[in-house]
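Some notes on the structure that comes next.
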Amino acid sequence: MTDEPLPQALSAEINAVLDDAGVHSDRRLVMRMLRTAILLGEDGTDRLDLKIASAALAEMRDAFRLFAPYEGVPKVTVFGSARTRQDDPLYRQARDVAAALAADGWMVVTGAGPGIMQAAAEGAGPALSLGVSIRLPFEERANAVVEGSDHVVAMKYFFTRKLMLMKESRGFICLPGGFGTLDEMFELLTLQQTGKAEPMPIVLLDENGGRFWNGLKRFIDEDLAPTGVISEGDFDRVIITDSVEEATARITGFWKNYDSLRWVGGTLVLRLRAEPTDAEIDRLNDEFAWMLASGRIERTEPRSVEVADDDMLHLPRLALHLDQRTVGGLFRLIDAVNALPSAG
């Protein structure tokens, strides 16, 4: 990312505009966006490219405003086919798993379309449903649960929509679907495998006795992993089930003891709800030594940058120097942390 400077007089004018608009917090980031917009104009950027950049920024603002009032509420995104009929067992699965999570205080995020998306919105109910729809020639409106409410935002581009369907959620449930659903599912796996997103629970939910996701797993086990294009165990982070109860437990149980993580320099800090014992930390070191670039997993106090940000200072912490090549295995460490006896 370049921070190409603007002329001093122009920077002063922009600062004056921001003063008049009352923009004071995160001023440097707002200035960077304005500077980039001006530089795009100076570059003689193609009109279509400018329209893409302008629309994407506007769509992200709309989505940020949609999610902002519910910042402290846990959210789960449900993906699945828009073509699933209401009499399909998968429709009932989506509705039931959304209802179960809503009963536990979770909001349900969907693509706001028909099929599985409508089923999940019905299960959660209008108050606990959020929709990020896409404008399509054959799908002009959001489903009846969120249509016309302030719980839905419409987008032109799939890439901005997909960003917002993933950015705010702390768990993901995928039901069988076509190209779009598979694209979303593989995006989740890619973000997790590469460490570009924090570890999150991912559930592939099928109908009772269904074989859709098992066919995918067979392809991964027999055709992807043996060729070396992915690592053995990369798909282990995903739970395949036909049980609404197991799906719900996986989403909520992932956060039983684990709370969050933060990189502080080269140190990974895990924030927990319950402090592990010395013996439990020793067991974690025995089991996960393969993930460490050096040293041990150790108990730690909040680091100075965390203190400066007032970042979850009340939570106990573990610190480790992670071998970056093993970042995709973080979910295993989190599962072990959640299973500690001290977690209750």
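All residue names refer to the structure tokens as shown: chains lettered A, B, ... in order, residues numbered from 1 in each chain, ligands numbered from 1 in order.
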
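Every protein, DNA or RNA residue with an atom at most 8 Å from Arg296 of chain A, where only C-alpha atoms count and chain neighbours fewer than 6 positions away do not, is listed here: Asn285, Ala289, Leu320 and His321 of chain A.
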
| All residues 10 Å or closer to Leu261 of chain A, only C-alpha atoms, same chain fewer than 4 positions away omitted, as a PyMOL selection string | chain A and resi 198-199+268-272+317-319

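Counting only C-alpha atoms, Ala37 of chain A has the following residues at most 9 Å away, ignoring those fewer than 6 positions along the same chain: Leu50, Ala53 and Ser54 of chain A.
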
Written selection (all heavy atoms) as a compact mmCIF listing (two decimals), in the first residue's frame:
```
# COMPACT_ATOMS: atom_id res chain seq x y z
N LEU A 50 -13.21 3.26 -11.89
CA LEU A 50 -13.64 4.22 -10.87
C LEU A 50 -15.02 3.88 -10.34
O LEU A 50 -15.29 4.01 -9.14
CB LEU A 50 -13.64 5.64 -11.45
CG LEU A 50 -12.27 6.26 -11.73
CD1 LEU A 50 -12.43 7.60 -12.43
CD2 LEU A 50 -11.49 6.44 -10.43
N ALA A 53 -14.63 0.98 -7.88
CA ALA A 53 -14.06 1.42 -6.61
C ALA A 53 -15.06 2.24 -5.81
O ALA A 53 -15.21 2.06 -4.59
CB ALA A 53 -12.78 2.24 -6.86
N SER A 54 -15.77 3.13 -6.48
CA SER A 54 -16.75 3.98 -5.81
C SER A 54 -17.90 3.16 -5.24
O SER A 54 -18.31 3.33 -4.08
CB SER A 54 -17.28 5.02 -6.79
OG SER A 54 -18.33 5.78 -6.21
```

| DSSP alpha helix (DSSP H) residues within segment 162-308 of chain A, listed as a PyMOL selection string | chain A and resi 162-167+179-194+212-219+244-253+278-288+304-308

Contacts between segment 246-256 of chain A and segment 114-233 of chain A, please, where a residue of segment 114-233 of chain A counts if it comes within 9 Å (with only C-alpha atoms); show its shortest atom pair and distance in Å to one decimal, rows by chain and ascending number, as JSON lines.
```
{"residue": "A:Arg170", "atom": "CA", "partner": "A:Ile251", "partner_atom": "CA", "distance": 8.0}
{"residue": "A:Gly171", "atom": "CA", "partner": "A:Ile251", "partner_atom": "CA", "distance": 5.7}
{"residue": "A:Phe172", "atom": "CA", "partner": "A:Ile251", "partner_atom": "CA", "distance": 7.6}
{"residue": "A:Ile173", "atom": "CA", "partner": "A:Ala247", "partner_atom": "CA", "distance": 7.8}
{"residue": "A:Met200", "atom": "CA", "partner": "A:Phe254", "partner_atom": "CA", "distance": 7.7}
{"residue": "A:Pro201", "atom": "CA", "partner": "A:Ile251", "partner_atom": "CA", "distance": 5.7}
{"residue": "A:Ile202", "atom": "CA", "partner": "A:Ile251", "partner_atom": "CA", "distance": 7.6}
{"residue": "A:Val203", "atom": "CA", "partner": "A:Ala247", "partner_atom": "CA", "distance": 6.2}
{"residue": "A:Leu204", "atom": "CA", "partner": "A:Ala247", "partner_atom": "CA", "distance": 8.2}
{"residue": "A:Leu205", "atom": "CA", "partner": "A:Ala247", "partner_atom": "CA", "distance": 7.0}
```

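The list of residues with at least one atom within 12 Å of Glu232 of chain A, based on only C-alpha atoms and without residues fewer than 5 positions apart in the same chain, reads A:Gln193, A:Ile220, A:Asp221, A:Glu222, A:Asp223, A:Leu224, A:Ala225, A:Pro226, A:Thr227, A:Arg237, A:Thr326, A:Gly328, A:Gly329.
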
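Closest approach to Thr84 of chain A among A:Thr45, A:Met166, A:Gly178, A:Arg27 is made by A:Gly178 (distances from only C-alpha atoms).
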
Out of segment 134-342 of chain A, which residues get strand (DSSP E or B) from DSSP, as a short mmCIF file (atom, residue, chain, number, x, y, z; two decimals) with N, CA and C atoms, in the first residue's frame?
```
data_model
loop_
_atom_site.label_atom_id
_atom_site.label_comp_id
_atom_site.auth_asym_id
_atom_site.auth_seq_id
_atom_site.Cartn_x
_atom_site.Cartn_y
_atom_site.Cartn_z
N ILE A 134 -27.83 -9.69 -2.93
CA ILE A 134 -27.13 -9.38 -4.17
C ILE A 134 -28.16 -9.04 -5.23
N LEU A 136 -29.56 -9.37 -8.60
CA LEU A 136 -29.46 -10.29 -9.72
C LEU A 136 -30.66 -10.09 -10.65
N GLU A 139 -33.39 -12.32 -9.39
CA GLU A 139 -33.67 -12.30 -7.94
C GLU A 139 -33.64 -10.84 -7.50
N VAL A 152 -31.52 -5.43 6.31
CA VAL A 152 -31.01 -5.95 5.05
C VAL A 152 -30.32 -4.83 4.28
N VAL A 153 -29.27 -5.20 3.56
CA VAL A 153 -28.58 -4.27 2.68
C VAL A 153 -28.36 -4.99 1.35
N ALA A 154 -28.48 -4.25 0.25
CA ALA A 154 -28.34 -4.83 -1.09
C ALA A 154 -27.00 -4.43 -1.70
N MET A 155 -26.38 -5.36 -2.40
CA MET A 155 -25.08 -5.11 -3.01
C MET A 155 -25.08 -5.49 -4.48
N PHE A 172 -19.91 -20.44 11.05
CA PHE A 172 -20.46 -20.58 9.70
C PHE A 172 -21.07 -21.97 9.54
N ILE A 173 -22.26 -21.99 8.93
CA ILE A 173 -22.94 -23.24 8.62
C ILE A 173 -23.24 -23.25 7.13
N CYS A 174 -22.77 -24.27 6.44
CA CYS A 174 -23.01 -24.42 5.01
C CYS A 174 -23.91 -25.62 4.78
N ILE A 202 -16.59 -24.05 11.48
CA ILE A 202 -17.25 -24.23 10.19
C ILE A 202 -17.97 -25.58 10.21
N VAL A 203 -19.26 -25.56 9.96
CA VAL A 203 -20.08 -26.77 9.97
C VAL A 203 -20.68 -26.97 8.59
N LEU A 204 -20.54 -28.18 8.05
CA LEU A 204 -21.21 -28.55 6.81
C LEU A 204 -22.39 -29.43 7.20
N LEU A 205 -23.58 -28.89 7.09
CA LEU A 205 -24.79 -29.55 7.58
C LEU A 205 -25.58 -30.13 6.41
N VAL A 238 -13.18 -28.76 9.67
CA VAL A 238 -14.60 -28.71 9.32
C VAL A 238 -15.34 -29.89 9.95
N ILE A 239 -16.51 -29.62 10.47
CA ILE A 239 -17.37 -30.67 11.00
C ILE A 239 -18.47 -30.97 9.98
N ILE A 240 -18.58 -32.23 9.58
CA ILE A 240 -19.67 -32.66 8.71
C ILE A 240 -20.69 -33.41 9.55
N THR A 241 -21.93 -33.00 9.48
CA THR A 241 -22.96 -33.62 10.30
C THR A 241 -24.32 -33.51 9.63
N TYR A 258 -12.12 -20.45 24.68
CA TYR A 258 -11.40 -19.54 23.80
C TYR A 258 -12.23 -18.29 23.56
N ASP A 259 -11.58 -17.13 23.61
CA ASP A 259 -12.28 -15.87 23.37
C ASP A 259 -11.80 -15.18 22.10
N SER A 260 -10.49 -15.03 21.94
CA SER A 260 -9.96 -14.26 20.82
C SER A 260 -8.45 -14.42 20.79
N LEU A 261 -7.84 -13.86 19.75
CA LEU A 261 -6.38 -13.87 19.65
C LEU A 261 -5.90 -12.53 19.14
N ARG A 262 -4.62 -12.29 19.37
CA ARG A 262 -4.01 -11.06 18.85
C ARG A 262 -2.52 -11.30 18.66
N TRP A 263 -2.02 -10.83 17.54
CA TRP A 263 -0.58 -10.87 17.30
C TRP A 263 0.06 -9.63 17.92
N VAL A 264 1.09 -9.84 18.72
CA VAL A 264 1.87 -8.75 19.30
C VAL A 264 3.31 -8.97 18.85
N THR A 267 4.68 -12.60 18.55
CA THR A 267 4.05 -13.45 19.57
C THR A 267 2.55 -13.51 19.35
N LEU A 268 2.02 -14.72 19.39
CA LEU A 268 0.58 -14.92 19.30
C LEU A 268 0.02 -15.02 20.71
N VAL A 269 -0.95 -14.18 21.03
CA VAL A 269 -1.57 -14.16 22.35
C VAL A 269 -2.99 -14.69 22.22
N LEU A 270 -3.30 -15.75 22.96
CA LEU A 270 -4.65 -16.30 23.00
C LEU A 270 -5.33 -15.82 24.27
N ARG A 271 -6.49 -15.22 24.14
CA ARG A 271 -7.27 -14.78 25.31
C ARG A 271 -8.33 -15.83 25.62
N LEU A 272 -8.39 -16.25 26.89
CA LEU A 272 -9.27 -17.33 27.33
C LEU A 272 -10.26 -16.81 28.37
N LEU A 292 5.25 -24.79 17.35
CA LEU A 292 6.05 -23.69 17.89
C LEU A 292 7.32 -23.47 17.08
N ALA A 293 7.61 -22.20 16.80
CA ALA A 293 8.88 -21.85 16.16
C ALA A 293 10.00 -21.87 17.18
N SER A 294 9.67 -21.56 18.42
CA SER A 294 10.65 -21.57 19.51
C SER A 294 9.90 -21.46 20.83
N GLY A 295 10.61 -21.80 21.92
CA GLY A 295 10.04 -21.63 23.25
C GLY A 295 8.88 -22.54 23.57
N ARG A 296 8.04 -22.09 24.49
CA ARG A 296 6.92 -22.86 24.99
C ARG A 296 5.65 -22.03 24.97
N ILE A 297 4.53 -22.70 25.12
CA ILE A 297 3.27 -22.02 25.40
C ILE A 297 3.30 -21.63 26.86
N GLU A 298 3.13 -20.35 27.14
CA GLU A 298 3.27 -19.87 28.50
C GLU A 298 2.14 -18.91 28.88
N ARG A 299 1.87 -18.86 30.16
CA ARG A 299 0.92 -17.88 30.69
C ARG A 299 1.53 -16.49 30.57
N THR A 300 0.70 -15.48 30.27
CA THR A 300 1.23 -14.13 30.10
C THR A 300 0.24 -13.09 30.60
N ARG A 317 -4.43 -15.19 29.67
CA ARG A 317 -3.79 -15.27 28.36
C ARG A 317 -2.74 -16.36 28.30
N LEU A 318 -2.57 -16.89 27.08
CA LEU A 318 -1.44 -17.75 26.77
C LEU A 318 -0.68 -17.11 25.61
N ALA A 319 0.64 -17.22 25.63
CA ALA A 319 1.48 -16.66 24.57
C ALA A 319 2.33 -17.76 23.98
N LEU A 320 2.55 -17.68 22.67
CA LEU A 320 3.39 -18.66 22.00
C LEU A 320 4.00 -18.04 20.75
N HIS A 321 5.16 -18.58 20.37
CA HIS A 321 5.81 -18.17 19.12
C HIS A 321 5.47 -19.23 18.08
N LEU A 322 4.49 -18.90 17.25
CA LEU A 322 3.93 -19.87 16.31
C LEU A 322 4.80 -19.97 15.06
#
```

Please list as a PDB file with C-alpha atoms, in the first residue's frame every residue within 8 Å of segment 6-15 of chain A, counting only C-alpha atoms and excluding residues in the same chain fewer than 3 positions away.
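Listed below is the output, result28.pdb:
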```
ATOM      1  CA  LEU A  18     -12.821  16.995   7.722  1.00  0.00           C
ATOM      2  CA  ASP A  19     -12.957  19.608  10.491  1.00  0.00           C
ATOM      3  CA  MET A  31      -7.260  10.868   4.994  1.00  0.00           C
ATOM      4  CA  ARG A  35      -5.858  10.554  -0.784  1.00  0.00           C
TER       5      ARG A  35
END
```

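For the pair atom CA of Glu207 of chain A and atom CA of Asp236 of chain A, the separation is 20.5 Å.
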
| task | Select, from A:Ala339, A:Val23, A:Ala274, A:Val229, the residue with the minimum atom-to-atom distance to Leu315 of chain A, counting only C-alpha atoms. | result | A:Ala274

| query | Nearest to Glu280 of chain A: which of A:Gly233, A:Pro341, A:Gly80, A:Gly228 is it, counting only C-alpha atoms? | reply | A:Pro341

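Of note, atom CA of Ala124 of chain A and atom CA of Ala98 of chain A are spaced 5.2 Å apart.
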
| said: When you look at Ser81 of chain A with a cut-off of 8 Å (counting only C-alpha atoms), what residues show up, excluding the ones that are within fewer than 3 positions of it in the same chain? I need them as a list of chain:residue names. | reply: A:Thr84, A:Gly115, A:Ile116, A:Met117, A:Leu175, A:Pro176, A:Gly177, A:Gly178, A:Gly180, A:Thr181

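Going from atom CA of Lys167 of chain A over to atom CA of Leu182 of chain A, you cover 17.8 Å.
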
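Using only C-alpha atoms, the smallest distance between any of A:Gln324, A:Trp213, A:Ala343, A:Met107 and Pro276 of chain A comes from A:Ala343.
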